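This is entry.tsv. It holds TSV, C-alpha atoms.
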```tsv
chain	number	residue	atom	x	y	z
H	1	MET	CA	-63.36	-1.44	17.76
H	2	THR	CA	-62.21	0.76	20.62
H	3	ASP	CA	-61.19	3.45	18.10
H	4	SER	CA	-64.72	3.54	16.67
H	5	ILE	CA	-66.28	3.73	20.16
H	6	MET	CA	-63.94	6.55	21.21
H	7	SER	CA	-64.69	8.39	17.97
H	8	LYS	CA	-68.35	8.12	18.64
H	9	ALA	CA	-67.92	9.29	22.22
H	10	ALA	CA	-65.77	12.25	21.17
H	11	THR	CA	-68.21	13.54	18.56
H	12	MET	CA	-71.43	12.98	20.53
H	13	GLU	CA	-73.26	16.09	21.75
H	14	ILE	CA	-73.98	16.43	25.51
H	15	PRO	CA	-77.37	18.12	26.30
H	16	ILE	CA	-77.51	20.77	29.06
H	17	ASN	CA	-80.58	21.61	31.22
H	18	SER	CA	-81.92	25.05	31.75
H	19	ASN	CA	-80.21	25.34	35.14
H	20	GLY	CA	-76.80	24.29	33.71
H	21	ASP	CA	-76.80	20.58	34.70
H	22	THR	CA	-75.95	17.97	32.23
H	23	GLY	CA	-78.68	15.70	31.13
H	24	THR	CA	-78.74	11.97	31.47
H	25	LEU	CA	-78.65	9.99	28.29
H	26	PRO	CA	-79.46	6.36	27.80
H	27	GLU	CA	-75.98	5.72	26.32
H	28	ASP	CA	-74.04	7.16	29.31
H	29	ASP	CA	-73.43	3.79	30.88
H	30	SER	CA	-72.13	2.24	27.69
H	31	LEU	CA	-69.84	5.21	27.04
H	32	GLU	CA	-68.46	5.09	30.53
H	33	GLN	CA	-67.69	1.38	30.20
H	34	ALA	CA	-65.98	1.96	26.85
H	35	ALA	CA	-63.84	4.71	28.35
H	36	LYS	CA	-62.78	2.47	31.23
H	37	LEU	CA	-61.92	-0.34	28.81
H	38	GLN	CA	-59.83	2.02	26.68
H	39	TRP	CA	-58.03	3.33	29.78
H	40	SER	CA	-57.12	-0.20	30.90
H	41	LEU	CA	-55.81	-1.04	27.41
H	42	ASP	CA	-53.73	2.14	27.37
H	43	GLU	CA	-52.25	1.26	30.76
H	44	LYS	CA	-51.26	-2.19	29.53
H	45	ASP	CA	-49.63	-0.75	26.39
H	46	LEU	CA	-47.77	1.81	28.50
H	47	GLN	CA	-46.50	-0.94	30.82
H	48	GLN	CA	-45.34	-3.01	27.85
H	49	VAL	CA	-43.47	-0.02	26.40
H	50	MET	CA	-41.84	0.70	29.77
H	51	VAL	CA	-40.73	-2.94	30.13
H	52	SER	CA	-39.64	-3.90	26.60
H	53	GLY	CA	-39.27	-0.55	24.85
H	54	PRO	CA	-41.07	0.66	21.79
H	55	ASN	CA	-41.16	-1.63	18.76
H	56	LEU	CA	-40.15	0.67	15.93
H	57	ASN	CA	-40.61	-2.04	13.34
H	58	GLU	CA	-44.37	-2.05	14.07
H	59	THR	CA	-44.79	1.73	14.14
H	60	SER	CA	-47.43	2.93	11.68
H	61	ILE	CA	-48.11	6.26	9.99
H	62	VAL	CA	-51.78	7.17	9.76
H	63	SER	CA	-52.57	8.93	6.53
H	64	GLY	CA	-56.04	10.09	7.54
H	65	GLY	CA	-57.35	12.10	10.51
H	66	TYR	CA	-58.18	10.78	13.94
H	67	GLY	CA	-60.26	7.67	13.73
H	68	GLY	CA	-59.52	7.25	9.98
H	69	ALA	CA	-59.94	4.00	8.12
H	70	ALA	CA	-57.29	1.25	8.49
H	71	GLU	CA	-56.50	1.34	4.74
H	72	GLY	CA	-54.50	4.56	5.25
H	73	ILE	CA	-51.95	2.93	7.59
H	74	ILE	CA	-48.44	2.51	6.06
H	75	PRO	CA	-45.90	0.36	7.99
H	76	THR	CA	-42.63	2.28	8.46
H	77	SER	CA	-40.61	-0.93	8.29
H	78	SER	CA	-41.45	-1.25	4.59
H	79	ILE	CA	-40.29	2.35	3.94
H	80	LYS	CA	-37.09	1.93	5.90
H	81	GLY	CA	-35.89	-1.37	4.44
H	82	SER	CA	-37.00	-1.32	0.81
H	83	ASN	CA	-34.07	0.69	-0.63
H	84	MET	CA	-31.47	-1.04	1.56
H	85	HIS	CA	-32.75	-4.46	0.62
H	86	HIS	CA	-32.68	-3.63	-3.09
H	87	SER	CA	-29.07	-2.30	-3.04
H	88	SER	CA	-27.74	-5.15	-0.90
H	89	SER	CA	-29.41	-7.78	-3.07
H	90	SER	CA	-28.00	-6.27	-6.29
H	91	SER	CA	-24.45	-6.06	-4.87
H	92	SER	CA	-24.64	-9.62	-3.56
H	93	MET	CA	-25.82	-10.84	-6.95
H	94	MET	CA	-22.89	-9.10	-8.68
H	95	ALA	CA	-20.42	-10.63	-6.21
H	96	GLU	CA	-21.91	-14.08	-6.72
H	97	GLU	CA	-21.68	-13.75	-10.51
H	98	ALA	CA	-18.01	-12.66	-10.31
H	99	THR	CA	-17.16	-15.54	-7.97
H	100	ARG	CA	-18.99	-17.98	-10.19
H	101	GLY	CA	-17.09	-16.72	-13.25
H	102	VAL	CA	-13.70	-17.16	-11.55
H	103	ALA	CA	-14.64	-20.64	-10.37
H	104	VAL	CA	-15.76	-21.68	-13.85
H	105	GLU	CA	-12.52	-20.36	-15.37
H	106	LYS	CA	-10.38	-22.24	-12.85
H	107	LEU	CA	-12.38	-25.40	-13.37
H	108	GLU	CA	-11.91	-25.13	-17.12
H	109	THR	CA	-8.15	-24.64	-16.71
H	110	VAL	CA	-7.85	-27.67	-14.44
H	111	LYS	CA	-9.92	-29.70	-16.87
H	112	LYS	CA	-7.65	-28.82	-19.82
H	113	TRP	CA	-4.53	-29.50	-17.78
H	114	GLY	CA	-5.85	-32.89	-16.65
H	115	LEU	CA	-6.78	-33.91	-20.19
H	116	ASN	CA	-3.40	-32.84	-21.56
H	117	THR	CA	-1.53	-34.66	-18.77
H	118	TYR	CA	-3.53	-37.82	-19.37
H	119	LYS	CA	-2.79	-37.81	-23.10
H	120	CYS	CA	0.93	-37.12	-22.61
H	121	THR	CA	1.25	-39.83	-19.94
H	122	LYS	CA	-0.52	-42.31	-22.19
H	123	GLN	CA	1.82	-41.44	-25.08
H	124	MET	CA	4.93	-41.71	-22.90
H	125	ILE	CA	3.92	-45.14	-21.58
H	126	SER	CA	3.12	-46.31	-25.11
H	127	GLU	CA	6.55	-45.20	-26.34
H	128	ARG	CA	8.32	-46.84	-23.40
H	129	PHE	CA	6.67	-50.20	-24.03
H	130	GLY	CA	7.11	-49.93	-27.81
H	131	ARG	CA	3.42	-49.70	-28.63
H	132	GLY	CA	3.23	-46.11	-29.81
H	133	SER	CA	5.03	-44.23	-32.55
H	134	ARG	CA	7.11	-41.09	-31.97
H	135	THR	CA	8.39	-38.30	-34.18
H	136	VAL	CA	12.14	-38.67	-34.72
H	137	ASP	CA	14.63	-36.14	-36.09
H	138	LEU	CA	17.83	-38.18	-36.29
H	139	GLU	CA	20.17	-35.30	-37.13
H	140	LEU	CA	18.84	-33.01	-34.43
H	141	GLU	CA	18.82	-35.72	-31.78
H	142	ALA	CA	22.43	-36.59	-32.61
H	143	GLN	CA	23.43	-32.94	-32.09
H	144	ILE	CA	21.57	-32.86	-28.79
H	145	GLU	CA	23.35	-35.98	-27.59
H	146	VAL	CA	26.73	-34.48	-28.58
H	147	LEU	CA	25.90	-31.34	-26.58
H	148	ARG	CA	25.02	-33.34	-23.48
H	149	ASP	CA	28.21	-35.36	-23.74
H	150	THR	CA	30.25	-32.17	-24.25
H	151	LYS	CA	28.63	-30.60	-21.19
H	152	ARG	CA	29.57	-33.60	-19.05
H	153	LYS	CA	33.20	-33.39	-20.19
H	154	TYR	CA	33.39	-29.64	-19.67
H	155	GLU	CA	31.94	-30.06	-16.19
H	156	ASN	CA	34.81	-32.45	-15.45
H	157	VAL	CA	37.34	-29.88	-16.77
H	158	LEU	CA	35.72	-27.25	-14.55
H	159	ARG	CA	35.89	-29.50	-11.50
H	160	LEU	CA	39.58	-30.27	-12.05
H	161	ALA	CA	40.44	-26.61	-12.73
H	162	ARG	CA	38.78	-25.60	-9.47
H	163	ALA	CA	40.71	-28.28	-7.61
H	164	LEU	CA	43.96	-27.02	-9.18
H	165	THR	CA	43.08	-23.46	-8.15
H	166	ASN	CA	42.43	-24.50	-4.55
H	167	HIS	CA	45.65	-26.52	-4.29
H	168	PHE	CA	47.73	-23.81	-5.91
H	169	TYR	CA	46.20	-21.16	-3.65
H	170	ASN	CA	47.18	-23.21	-0.60
H	171	MET	CA	50.73	-23.58	-2.00
H	172	VAL	CA	51.02	-19.82	-2.54
H	173	GLN	CA	49.84	-19.17	1.01
H	174	THR	CA	52.42	-21.66	2.29
H	175	GLN	CA	55.18	-20.00	0.26
H	176	HIS	CA	54.14	-16.63	1.67
H	177	ALA	CA	54.31	-17.91	5.23
H	178	LEU	CA	57.63	-19.66	4.55
H	179	GLY	CA	59.13	-16.48	3.11
H	180	ASP	CA	58.09	-14.52	6.21
H	181	THR	CA	59.64	-17.16	8.45
H	182	PHE	CA	62.93	-17.11	6.50
H	183	ALA	CA	63.04	-13.32	6.69
H	184	ASP	CA	62.48	-13.41	10.45
H	185	LEU	CA	65.18	-16.03	10.95
H	186	SER	CA	67.65	-14.04	8.85
H	187	GLN	CA	67.29	-11.21	11.37
H	188	LYS	CA	67.70	-13.48	14.38
H	189	SER	CA	70.47	-15.76	13.09
H	190	PRO	CA	73.55	-13.70	12.14
H	191	GLU	CA	75.56	-16.77	11.16
H	192	LEU	CA	72.88	-17.81	8.57
H	193	ARG	CA	71.65	-14.37	7.59
H	194	ASP	CA	72.59	-14.65	3.94
H	195	GLU	CA	71.19	-18.15	3.47
H	196	PHE	CA	67.87	-17.31	5.11
H	197	GLY	CA	67.81	-14.00	3.24
H	198	TYR	CA	68.03	-15.29	-0.32
H	199	ASN	CA	65.60	-18.13	0.47
H	200	ALA	CA	63.17	-15.55	1.76
H	201	GLU	CA	63.55	-13.53	-1.44
H	202	THR	CA	63.01	-16.63	-3.57
H	203	GLN	CA	59.82	-17.57	-1.76
H	204	LYS	CA	58.47	-14.04	-2.05
H	205	LEU	CA	59.18	-14.03	-5.79
H	206	LEU	CA	57.48	-17.40	-6.19
H	207	CYS	CA	54.56	-16.11	-4.15
H	208	LYS	CA	54.22	-13.06	-6.38
H	209	ASN	CA	54.33	-15.15	-9.57
H	210	GLY	CA	51.92	-17.60	-8.02
H	211	GLU	CA	49.40	-14.85	-7.35
H	212	THR	CA	49.75	-13.75	-10.98
H	213	LEU	CA	49.14	-17.30	-12.16
H	214	LEU	CA	46.13	-17.59	-9.82
H	215	GLY	CA	44.63	-14.55	-11.53
H	216	ALA	CA	44.93	-16.24	-14.92
H	217	VAL	CA	43.57	-19.58	-13.67
H	218	ASN	CA	40.64	-17.91	-11.90
H	219	PHE	CA	39.74	-16.13	-15.13
H	220	PHE	CA	39.91	-19.48	-16.95
H	221	VAL	CA	37.62	-21.11	-14.36
H	222	SER	CA	35.13	-18.24	-14.46
H	223	SER	CA	34.86	-18.38	-18.26
H	224	ILE	CA	34.38	-22.17	-18.31
H	225	ASN	CA	31.75	-21.87	-15.59
H	226	THR	CA	29.82	-19.29	-17.63
H	227	LEU	CA	30.01	-21.45	-20.73
H	228	VAL	CA	28.86	-24.63	-18.97
H	229	ASN	CA	26.32	-23.42	-16.40
H	230	LYS	CA	24.78	-20.53	-18.31
H	231	THR	CA	25.23	-20.80	-22.08
H	232	MET	CA	24.95	-24.59	-22.37
H	233	GLU	CA	22.30	-24.77	-19.67
H	234	ASP	CA	20.14	-22.21	-21.48
H	235	THR	CA	20.31	-24.30	-24.66
H	236	LEU	CA	19.46	-27.46	-22.72
H	237	MET	CA	16.41	-25.75	-21.20
H	238	THR	CA	15.17	-24.96	-24.71
H	239	ILE	CA	15.83	-28.60	-25.64
H	240	LYS	CA	13.69	-29.76	-22.69
H	241	MET	CA	10.85	-27.53	-23.87
H	242	TYR	CA	11.28	-28.95	-27.37
H	243	GLU	CA	11.12	-32.54	-26.10
H	244	SER	CA	7.99	-31.75	-24.07
H	245	ALA	CA	6.38	-30.18	-27.15
H	246	ARG	CA	7.34	-33.25	-29.19
H	247	LEU	CA	5.60	-35.52	-26.65
H	248	GLU	CA	2.45	-33.38	-26.70
H	249	PHE	CA	2.48	-33.29	-30.49
H	250	ASP	CA	2.71	-37.08	-30.72
H	251	ALA	CA	-0.01	-37.49	-28.08
H	252	TYR	CA	-2.49	-35.34	-30.02
H	253	ARG	CA	-1.39	-36.94	-33.30
H	254	SER	CA	-2.14	-40.41	-31.90
H	255	ASP	CA	-5.48	-39.18	-30.57
H	256	LEU	CA	-6.41	-37.82	-33.99
H	257	GLU	CA	-5.40	-41.09	-35.68
H	258	GLU	CA	-7.57	-43.10	-33.28
H	259	LEU	CA	-10.58	-40.88	-33.89
H	260	SER	CA	-10.07	-41.05	-37.66
H	261	LEU	CA	-10.33	-44.86	-37.53
H	262	GLY	CA	-13.67	-44.71	-35.66
H	263	PRO	CA	-17.25	-44.09	-36.86
H	264	ARG	CA	-18.20	-41.05	-38.92
H	265	ASP	CA	-21.41	-39.86	-37.30
H	266	ALA	CA	-22.13	-36.24	-36.35
H	267	VAL	CA	-20.71	-36.51	-32.82
H	268	ALA	CA	-17.55	-38.25	-34.06
H	269	MET	CA	-17.02	-35.67	-36.79
H	270	ALA	CA	-17.25	-32.87	-34.23
H	271	ARG	CA	-14.63	-34.63	-32.10
H	272	ILE	CA	-12.39	-35.16	-35.11
H	273	GLU	CA	-12.60	-31.48	-36.01
H	274	ALA	CA	-11.69	-30.43	-32.45
H	275	ALA	CA	-8.82	-32.94	-32.40
H	276	GLN	CA	-7.60	-31.59	-35.76
H	277	GLN	CA	-7.46	-28.07	-34.34
H	278	GLN	CA	-5.54	-29.21	-31.25
H	279	TYR	CA	-3.18	-31.21	-33.44
H	280	GLN	CA	-2.42	-28.15	-35.58
H	281	VAL	CA	-1.74	-26.03	-32.47
H	282	GLN	CA	0.68	-28.62	-31.08
H	283	LYS	CA	2.34	-29.03	-34.47
H	284	ASP	CA	3.02	-25.29	-34.75
H	285	LYS	CA	4.45	-25.25	-31.23
H	286	TYR	CA	6.66	-28.26	-31.96
H	287	GLU	CA	8.03	-26.80	-35.20
H	288	ARG	CA	8.69	-23.42	-33.56
H	289	LEU	CA	10.68	-24.96	-30.71
H	290	ARG	CA	12.52	-27.25	-33.10
H	291	SER	CA	13.65	-24.20	-35.06
H	292	ASP	CA	14.75	-22.48	-31.82
H	293	VAL	CA	16.83	-25.51	-30.82
H	294	ILE	CA	18.58	-25.66	-34.20
H	295	ILE	CA	19.47	-21.96	-34.04
H	296	LYS	CA	20.71	-22.15	-30.44
H	297	LEU	CA	22.84	-25.22	-31.15
H	298	LYS	CA	24.48	-23.39	-34.04
H	299	PHE	CA	25.27	-20.27	-32.02
H	300	LEU	CA	26.40	-22.34	-29.05
H	301	GLU	CA	28.94	-24.20	-31.16
H	302	GLU	CA	30.36	-20.96	-32.57
H	303	ASN	CA	30.51	-19.37	-29.11
H	304	LYS	CA	32.10	-22.46	-27.57
H	305	VAL	CA	34.91	-22.53	-30.16
H	306	LYS	CA	35.61	-18.83	-29.74
H	307	VAL	CA	35.63	-18.92	-25.91
H	308	MET	CA	37.67	-22.11	-25.59
H	309	HIS	CA	40.24	-20.94	-28.14
H	310	LYS	CA	40.92	-17.85	-26.02
H	311	GLN	CA	40.83	-19.62	-22.66
H	312	LEU	CA	43.06	-22.53	-23.66
H	313	LEU	CA	45.64	-20.14	-25.07
H	314	LEU	CA	45.57	-18.14	-21.83
H	315	PHE	CA	45.93	-21.27	-19.69
H	316	HIS	CA	48.85	-22.59	-21.73
H	317	ASN	CA	50.81	-19.33	-21.82
H	318	ALA	CA	50.31	-18.62	-18.11
H	319	ILE	CA	51.32	-22.11	-16.96
H	320	SER	CA	54.34	-22.18	-19.26
H	321	ALA	CA	55.59	-18.76	-18.16
H	322	TYR	CA	55.15	-19.57	-14.47
H	323	PHE	CA	57.03	-22.85	-14.46
H	324	ALA	CA	59.70	-21.39	-16.74
H	325	GLY	CA	60.22	-18.65	-14.19
H	326	ASN	CA	59.56	-15.99	-16.80
H	327	GLN	CA	57.89	-13.29	-14.78
H	328	GLU	CA	57.82	-10.79	-17.64
H	329	GLN	CA	56.06	-13.21	-19.99
H	330	LEU	CA	53.56	-14.12	-17.26
H	331	GLU	CA	52.65	-10.48	-16.72
H	332	GLN	CA	52.45	-9.93	-20.47
H	333	THR	CA	50.00	-12.81	-20.76
H	334	LEU	CA	47.65	-11.14	-18.27
H	335	LYS	CA	47.85	-7.87	-20.14
H	336	GLN	CA	47.16	-9.64	-23.42
H	337	PHE	CA	43.85	-11.02	-22.07
H	338	ASN	CA	42.94	-7.86	-20.09
H	339	ILE	CA	43.12	-9.59	-16.72
H	340	LYS	CA	43.52	-7.31	-13.72
H	341	LEU	CA	44.78	-8.73	-10.45
H	342	ARG	CA	43.00	-7.85	-7.24
H	343	PRO	CA	45.15	-6.05	-4.69
H	344	PRO	CA	45.76	-7.80	-1.34
H	345	GLY	CA	42.75	-7.55	0.94
H	346	ALA	CA	40.34	-6.81	-1.91
H	347	ASP	CA	38.14	-9.75	-0.91
H	348	LYS	CA	37.37	-8.08	2.40
H	349	PRO	CA	34.43	-5.61	2.35
H	350	SER	CA	35.12	-1.97	3.10
H	351	TRP	CA	33.92	-0.32	6.28
H	352	LEU	CA	31.14	1.37	4.27
H	353	GLU	CA	29.85	-2.02	3.04
H	354	GLU	CA	29.95	-3.41	6.56
H	355	GLN	CA	27.67	-0.63	7.89
```

Please rewrite the model in this file as structure tokens.
Amino acid sequence: MTDSIMSKAATMEIPINSNGDTGTLPEDDSLEQAAKLQWSLDEKDLQQVMVSGPNLNETSIVSGGYGGAAEGIIPTSSIKGSNMHHSSSSSSMMAEEATRGVAVEKLETVKKWGLNTYKCTKQMISERFGRGSRTVDLELEAQIEVLRDTKRKYENVLRLARALTNHFYNMVQTQHALGDTFADLSQKSPELRDEFGYNAETQKLLCKNGETLLGAVNFFVSSINTLVNKTMEDTLMTIKMYESARLEFDAYRSDLEELSLGPRDAVAMARIEAAQQQYQVQKDKYERLRSDVIIKLKFLEENKVKVMHKQLLLFHNAISAYFAGNQEQLEQTLKQFNIKLRPPGADKPSWLEEQ
């Protein structure tokens, strides 16, 4: 309203008398009041701006001239925020869709895992209480049981061989110390120099042969350890996977048999078809792992015979040569099996390794 009044006042012509004085119009009073009102409003707006600052969100751009119609006013807030709002909304929607996809995938994985665990647990409990049937391969299970029994016996051999190595190492260290003591006493006891001297030489010879025998026994222990804790253990890990696959196969087989005995409506037929697919997947997995176990058992038996033949021959020849006092045969045994003795102090790291 004030804009229209000021527009009218600005465009109104002011008459002038012949002597140069302005004339008096009937609308002068109303125009003067309108000007005062506008001035007071402008002062209030100026005070508000000085106190609170300009509100840029409410700033308007007038498309027309002074005193134009209100339809030409365009809020700057709509120009400033339209593009930003569009880009931020699209990026947020993409992020939400990606997050939702990951969540759905995880939920589906957990659902499948839970269903599989439930079926396998049900099958295991049924087998334990004699209510469910299980797939049995008598020949393969007998071979697996023989392997487990063999592993237990070889672990006992390994334990005893390590104990023998520790005891024999302590004996060699004692012989070495005793030889040094005899040699020292032979220098300080002139009346018993010869007796202490040849005892010192004997202990040193026994110590040298003992270190040679320790090299052979350590090689024997290392080979048995590799056979038991690596080769046999790898085969047993495949056997565990095979047994797990067998349990899953029987669980899905039992599930399919239960569904086959039920009704034959559309929903049931869809479930039977899905169960048939899962059964075929588990059957393929079971047969593949069964084949892997058979192959590994075969190669393990061949490897075990070859390794133990060599190691038992080494152990026998080394022990016999040592206790027979045949130093030449003992050294020849180590050469035959390509065993190299570590020089004294080889267990200690070099100064470069310590840095």

Practice problem: Tell me which of H:Met269, H:Ile295, H:Ala324, H:Leu158 sits closest to H:Leu206, counting all atoms listed in the file. | Solution: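 Ranking H:Met269, H:Ile295, H:Ala324, H:Leu158 by distance to H:Leu206, first place goes to H:Ala324.
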
Quiz item: atom CA of H:Glu201 and atom CA of H:Asn166, how far apart in Å?
Solution: 24.0 Å

Quiz prompt | Residue with smallest distance to H:Gln203 - pool H:Phe315, H:Phe182, H:Phe168, H:Phe219, counting all atoms listed in the file | solution = H:Phe182

Quiz item: Quick one: residues within 12 Å of H:Lys310, only C-alpha atoms counted, chain neighbours fewer than 2 positions away excluded, as a ChimeraX atom specification?
Solution: /H:216,219-220,223-224,303-308,312-317,333,336-338

Would you mind exporting the chosen residues as a compact mmCIF listing (two decimals), in the coordinates of the input, restricted to C-alpha atoms?
```
# COMPACT_ATOMS: atom_id res chain seq x y z
CA ALA H 216 44.93 -16.24 -14.92
CA PHE H 219 39.74 -16.13 -15.13
CA PHE H 220 39.91 -19.48 -16.95
CA SER H 223 34.86 -18.38 -18.26
CA ILE H 224 34.38 -22.17 -18.31
CA ASN H 303 30.51 -19.37 -29.11
CA LYS H 304 32.10 -22.46 -27.57
CA VAL H 305 34.91 -22.53 -30.16
CA LYS H 306 35.61 -18.83 -29.74
CA VAL H 307 35.63 -18.92 -25.91
CA MET H 308 37.67 -22.11 -25.59
CA LEU H 312 43.06 -22.53 -23.66
CA LEU H 313 45.64 -20.14 -25.07
CA LEU H 314 45.57 -18.14 -21.83
CA PHE H 315 45.93 -21.27 -19.69
CA HIS H 316 48.85 -22.59 -21.73
CA ASN H 317 50.81 -19.33 -21.82
CA THR H 333 50.00 -12.81 -20.76
CA GLN H 336 47.16 -9.64 -23.42
CA PHE H 337 43.85 -11.02 -22.07
CA ASN H 338 42.94 -7.86 -20.09
```

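Atom CA of H:Ala98 lies 24.4 Å from atom CA of H:Gly114.
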
Practice problem: Kindly give the distance, in Å, that separates atom CA of H:His167 and atom CA of H:Glu233, rounded to a single decimal. | Solution: 28.0 Å

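The closest residue to H:Asp149, picked from H:Ala161, H:Val136, H:Ile125, H:Met232 and counting only C-alpha atoms, is H:Met232.
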
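Shortest atom-to-atom contact with H:Thr174 among H:Asp292, H:Met93, H:Asn156, H:Gly210: H:Gly210, counting all atoms listed in the file.
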
Quiz prompt | Nearest to H:Asn229 by atom-to-atom distance, counting only C-alpha atoms, from H:Lys151, H:Lys122, H:Arg100, H:Lys188 | solution = H:Lys151

Quiz item: Between H:Gln143, H:Thr150, H:Thr181, H:Asn116, which is the closest to H:Asp255 once you count all atoms listed in the file?
Solution: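 Counting all atoms listed in the file, the residue closest to H:Asp255 is H:Asn116.
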
Quiz prompt | Residues within 10 Å of stretch 126-133 of chain H, only C-alpha atoms, excluding chain neighbours under 4 positions, as a VMD selection string | solution = chain H and resid 120 to 122 247 250 to 251 253 to 254
